[in-house]
Amino acid sequence: MTNKSTHESIEAKLAKLNKGSGKGAAEKAEPEKTSAELPLDPVDSEEVMQRLNEAEQKASQHWDRILRMQADMENAARRAERELADTQKYVLGKFVNELLPVVDNLERAVTAAQDSPSDAPAILEGVHLTLKMLANALEKFGVKQVNPLHEDFNPLFHEAVSTQAGGTKPGQVLAVLQKGYLLNERLVRPAMVVVSK
């Protein structure tokens, strides 16, 4: 039933009650009953119960959906944490694989120098090639060497250890005592340099 038909049936009941109450002026008039005090038709109560059941089912479905979504979010967060931990553990794997041949070659150079000290030029050449291999491996991972020999002193990338007279102009790097390194254009270690006065 619609609200309009319910309202009309309530008005009809009120009219019947008012007709029955006109028995005499001496009798006290019964106070008017509100729609909340009137008994509902069995048809009306069935409809209300049906609507209530439907609303409860919808609420239950929404609650289940919320619980599933919450569980999905918690699982995604746990999965992301696990992936981040794995990434942190194994991120250096490729880098280590690039450095292992360098270590092998340096060990061979040490063994060769111990076995035959007379082969110094060949060993020296092998060490130079190994250093080149190491520089290439570092470049693959964004590590760049800072070697500012004969450049202007830059306090952002260089650390002056001492000053000397000489050079074409003051503030020029005369010697590099230790090379600096950048990682993805960010300073990891400044170059230790001697600067002209």
# chains A, B, ... in the order shown; residues from 1 in each chain; ligands from 1
>>> residues_around(residues="Val127 in chain A", least_positions_apart="2", cutoff="8 Å", atoms="only C-alpha atoms", output="ChimeraX atom specification")
/A:105-106,109,123-125,129-131
>>> select_by_dssp(residues="range 54-188 of chain A", states="alpha helix (DSSP H)", output="JSON, numbers by chain")
{"A": [54, 55, 56, 57, 58, 59, 60, 61, 62, 63, 64, 65, 66, 67, 68, 69, 70, 71, 72, 73, 74, 75, 76, 77, 78, 79, 80, 81, 82, 83, 84, 85, 86, 87, 88, 89, 90, 93, 94, 95, 96, 97, 98, 99, 100, 101, 102, 103, 104, 105, 106, 107, 108, 109, 110, 111, 112, 113, 114, 115, 120, 121, 122, 123, 124, 125, 126, 127, 128, 129, 130, 131, 132, 133, 134, 135, 136, 137, 138, 139, 140]}
>>> residues_around(residues="Glu159 in chain A", least_positions_apart="5", cutoff="10 Å", atoms="only C-alpha atoms", output="list in words")
Phe153, Asn154, Val176, Gln178, Gly180, Arg189, Pro190, Ala191, Met192, Val193, Val194 and Val195 of chain A
>>> write_last_selection(atoms="N, CA and C atoms", output="compact mmCIF listing (two decimals), in the first residue's frame")
# COMPACT_ATOMS: atom_id res chain seq x y z
N PHE A 153 88.01 25.50 -8.25
CA PHE A 153 87.58 24.88 -6.99
C PHE A 153 86.08 25.13 -6.79
N ASN A 154 85.35 24.07 -6.46
CA ASN A 154 83.91 24.16 -6.21
C ASN A 154 83.65 23.55 -4.82
N VAL A 176 94.74 16.34 -7.23
CA VAL A 176 93.62 15.59 -6.65
C VAL A 176 94.22 14.48 -5.81
N GLN A 178 92.37 12.59 -3.61
CA GLN A 178 91.38 11.50 -3.58
C GLN A 178 90.19 11.92 -4.42
N GLY A 180 86.44 12.21 -5.92
CA GLY A 180 85.11 12.22 -5.32
C GLY A 180 84.14 11.40 -6.16
N ARG A 189 80.86 11.45 -1.96
CA ARG A 189 82.11 11.80 -1.30
C ARG A 189 82.76 12.93 -2.09
N PRO A 190 83.17 14.03 -1.41
CA PRO A 190 83.83 15.11 -2.14
C PRO A 190 85.26 14.72 -2.52
N ALA A 191 85.77 15.35 -3.56
CA ALA A 191 87.16 15.11 -3.98
C ALA A 191 88.07 15.92 -3.05
N MET A 192 89.15 15.28 -2.55
CA MET A 192 90.13 15.98 -1.72
C MET A 192 91.17 16.57 -2.64
N VAL A 193 91.32 17.89 -2.59
CA VAL A 193 92.16 18.57 -3.58
C VAL A 193 93.13 19.57 -2.93
N VAL A 194 94.15 19.92 -3.71
CA VAL A 194 95.08 21.01 -3.38
C VAL A 194 94.73 22.16 -4.32
N VAL A 195 94.56 23.36 -3.75
CA VAL A 195 94.08 24.51 -4.53
C VAL A 195 95.18 25.57 -4.60
>>> closest_atom_pairs(of="range 34-97 of chain A", to="range 134-137 of chain A", cutoff="12 Å", atoms="only C-alpha atoms", output="Markdown table")
| residue | atom | partner | partner_atom | distance |
| --- | --- | --- | --- | --- |
| A:Lys94 | CA | A:Ala137 | CA | 10.0 |
| A:Phe95 | CA | A:Ala137 | CA | 7.7 |
| A:Val96 | CA | A:Ala137 | CA | 9.6 |
| A:Asn97 | CA | A:Ala137 | CA | 9.4 |
>>> write_last_selection(atoms="C-alpha atoms", output="PDB file, in the first residue's frame")
ATOM      1  CA  LYS A  94      72.720  -6.629  -9.783  1.00  0.00           C
ATOM      2  CA  PHE A  95      75.337  -4.265  -8.426  1.00  0.00           C
ATOM      3  CA  VAL A  96      77.144  -7.102  -6.643  1.00  0.00           C
ATOM      4  CA  ASN A  97      77.038  -9.237  -9.808  1.00  0.00           C
TER       5      ASN A  97
END
>>> select_by_dssp(residues="range 107-186 of chain A", states="strand (DSSP E or B)", output="list in words")
Val143, Lys144, Gln145, Val146, Asp152, His158, Glu159, Ala160, Val161, Ser162, Thr163, Gln164, Gln172, Val173, Leu174, Ala175, Val176, Leu177, Gln178, Gly180, Tyr181, Leu182, Leu183 and Arg186 of chain A
